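Student: Attaching a single structure in structure tokens format; questions to follow.
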Amino acid sequence: MKTSGNTILMTGGGSGIGEALAHRFHDRGDTVIIAGRRREALEQAAAGRERIHTVTLDVEDPAAVDAFARQIVADFPALNVLFNNAGIMKFEDLTGRRDLADAEATVAINLLGPIRLTNALVDHLSAQADAAIVTVTSGLAFVPLVAAPTYSATKAAIHSYTVSLRTQLAGKVEVIELAPPGVQTDLTPGQANRPSYMPLEAFADAVAAQFAQQPTPREILVDEVQFLRQAEREGRFDETLKTLTERAAQQRAAGGS
């Protein structure tokens, strides 16, 4: 991935990780199109930055994704990077029958959304020089947070999908996976102020530094996520799962969701 001069489509760009990285890419010389559901949040994220453009998008709607992709290519023919960042996270109790609305929305946004948008843009990207697709997974793709089972499952699925996508697009489009640790954002209630999570600005700085490397690493991993990423490889998966589950239970007991 080029270190400047890209035209990047960033889903979920109106807040959190998407907004912070859009700012980093803009400041290094890229043009960034930020997409999301909330127009007001997008406009606030783009304020004062001439190379950040805003477009509304609901990745849950297959027809809307196709129409959006056609319009983006028409409006920004130099588009060469797709950054699949949009996502939601819900806590779920699996111990009894329940309403599956949250689980189904999580699958639609976190899994089907990136698959649909990648499918809609892959022909365009394959014809572009210096093209790249970035998928945002999570440390929870490698060790699940049992309180957020569908979220963890969708991130594991996108990790696997990314491996296949990278292999099939080899020589045509660079495919990069960004797996964040817990970051201080508004993804879940109370998360933005949780002291055990990585500060957003520090995370964005560390990620931007890795995107500046040549060649770009195929996995963007800050130090704070290695505890989860390497758990199975280092033979400590069960121990890590137990630790993660206990820490999350302690936070919920303390009122930290």
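By convention in this document, the chains of the structure tokens carry letters A, B, ... by their order, each chain's residues are numbered from 1, and ligands are numbered from 1 in the order they are shown.
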Going by DSSP on the backbone, which bits of stretch 10-218 of chain A are alpha helix (DSSP H)? Write them as a PyMOL selection string, please.
Tutor: chain A and resi 16-27+39-46+62-75+101-106+113-126+149-168+200-211
Student: Could you name the residues that touch A:Leu165 at 10 Å or less, counting only C-alpha atoms, but leaving out those on the same chain fewer than 3 positions away, as a list in words?
Tutor: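 The contact residues come out as Thr118, Ile133, Ile158, His159, Ser160, Tyr161, Thr162, Gln168, Leu169, Ala170, Val173, Glu174, Val175 and Ile176 of chain A.
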Student: Could you check which of A:Thr167, A:Thr3, A:Gln251, A:Gln128 is closest to A:Gln191, using only C-alpha atoms?
Tutor: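 Between A:Thr167, A:Thr3, A:Gln251, A:Gln128, the residue approaching A:Gln191 most closely is A:Gln251.
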Student: Which residues come within 8 Å of A:Ala148, counting only C-alpha atoms, excluding same-chain residues fewer than 3 positions away, as a VMD selection string?
Tutor: chain A and resid 89 to 92 144 to 145 151 to 152
Student: Would you write out those residues with C-alpha atoms, as a PDB file, in the first residue's frame?
Tutor:
ATOM      1  CA  MET A  89     -20.617  -5.350  19.172  1.00  0.00           C
ATOM      2  CA  LYS A  90     -23.406  -6.671  21.392  1.00  0.00           C
ATOM      3  CA  PHE A  91     -23.285  -8.674  24.607  1.00  0.00           C
ATOM      4  CA  GLU A  92     -25.406 -11.835  24.519  1.00  0.00           C
ATOM      5  CA  PRO A 144     -13.310 -15.063  21.818  1.00  0.00           C
ATOM      6  CA  LEU A 145     -14.923 -12.880  24.421  1.00  0.00           C
ATOM      7  CA  TYR A 151     -19.146 -10.451  17.515  1.00  0.00           C
ATOM      8  CA  SER A 152     -16.186 -12.734  18.201  1.00  0.00           C
TER       9      SER A 152
END
Student: Suppose you want the space between atom CA of A:Leu228 and atom CA of A:Ala248; what is it in Å?
Tutor: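 Atom CA of A:Ala248 lies at a distance of 14.3 Å from atom CA of A:Leu228.
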Student: List every residue of stretch 28-252 of chain A that DSSP, applied to the backbone, labels as strand (DSSP E), and write the result as a ChimeraX atom specification.
Tutor: /A:31-36,52-56,81-84,132-136,174-178,219-220
Student: Pick out the residues sitting within 12 Å of A:Ala208, and hand them over as number ranges by chain; count only C-alpha atoms, and ignore anything fewer than 2 positions along from it in its own chain.
Tutor: A: 3-4, 17, 20-28, 178, 201-206, 210-213, 216-217, 220-222
Student: When you draw a straight line from atom CA of A:Val107 to atom CA of A:Thr150, how long is it in Å?
Tutor: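 It comes out at 7.3 Å.
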Student: Would you mind listing what lies within 6 Å of stretch 135-141 of chain A as a list in words, with only C-alpha atoms counted and same-chain residues fewer than 3 positions away left out?
Tutor: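 Once the adjacent positions are removed, what remains is Asn84, Asn85, Pro144, Ser152, Lys155, Ala156, Glu177, Leu178, Ala179, Pro180, Pro181, Val225, Leu228 and Arg229 of chain A.
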Student: So, with only C-alpha atoms as the atoms that count, which of A:Val207, A:Ala101, A:Leu121, A:Ile88 lies closest to A:Leu9?
Tutor: A:Leu121
Student: Could you list, as a list in words, every residue within 8 Å of A:Gly14, counting only C-alpha atoms and ignoring same-chain residues fewer than 4 positions away?
Tutor: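 Counting only C-alpha atoms, the residues come to Gly18, Glu19, Ile34, Ala35, Gly36, Arg38, Ala41, Leu42, Glu43, Gln44 and Ala45 of chain A.
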Student: Could you write out the selected residues, including N, CA, C and O atoms, as a short mmCIF file (atom, residue, chain, number, x, y, z; two decimals), in the first residue's frame?
Tutor:
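This went into part37.cif:
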data_model
loop_
_atom_site.label_atom_id
_atom_site.label_comp_id
_atom_site.auth_asym_id
_atom_site.auth_seq_id
_atom_site.Cartn_x
_atom_site.Cartn_y
_atom_site.Cartn_z
N GLY A 18 -12.35 4.24 12.89
CA GLY A 18 -12.47 4.72 11.51
C GLY A 18 -12.16 6.19 11.39
O GLY A 18 -11.42 6.61 10.48
N GLU A 19 -12.70 7.00 12.28
CA GLU A 19 -12.44 8.44 12.24
C GLU A 19 -10.97 8.74 12.51
O GLU A 19 -10.35 9.53 11.79
N ILE A 34 -15.21 8.87 3.85
CA ILE A 34 -15.71 8.19 5.04
C ILE A 34 -17.20 7.91 4.85
O ILE A 34 -17.96 8.77 4.42
N ALA A 35 -17.60 6.68 5.17
CA ALA A 35 -18.98 6.25 4.96
C ALA A 35 -19.55 5.73 6.27
O ALA A 35 -18.85 5.12 7.08
N GLY A 36 -20.83 5.96 6.47
CA GLY A 36 -21.51 5.48 7.66
C GLY A 36 -22.97 5.86 7.62
O GLY A 36 -23.45 6.50 6.68
N ARG A 38 -24.66 7.77 9.98
CA ARG A 38 -25.03 9.04 10.60
C ARG A 38 -24.35 10.22 9.89
O ARG A 38 -23.16 10.44 10.06
N ALA A 41 -22.43 12.75 12.20
CA ALA A 41 -21.14 12.26 12.68
C ALA A 41 -20.08 12.31 11.59
O ALA A 41 -18.92 12.67 11.83
N LEU A 42 -20.47 11.96 10.37
CA LEU A 42 -19.53 11.99 9.25
C LEU A 42 -19.05 13.41 8.99
O LEU A 42 -17.85 13.66 8.79
N GLU A 43 -19.98 14.36 8.98
CA GLU A 43 -19.61 15.75 8.71
C GLU A 43 -18.71 16.30 9.81
O GLU A 43 -17.78 17.07 9.53
N GLN A 44 -18.98 15.90 11.04
CA GLN A 44 -18.12 16.35 12.14
C GLN A 44 -16.71 15.76 11.99
O GLN A 44 -15.71 16.44 12.22
N ALA A 45 -16.62 14.49 11.58
CA ALA A 45 -15.32 13.85 11.41
C ALA A 45 -14.53 14.48 10.27
O ALA A 45 -13.29 14.49 10.29
#
Student: Counting only C-alpha atoms, which of A:Pro149, A:Pro114, A:Gly16, A:Gly171 gets nearest to A:Ala192?
Tutor: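 For A:Ala192, the nearest of the candidates is A:Gly16.
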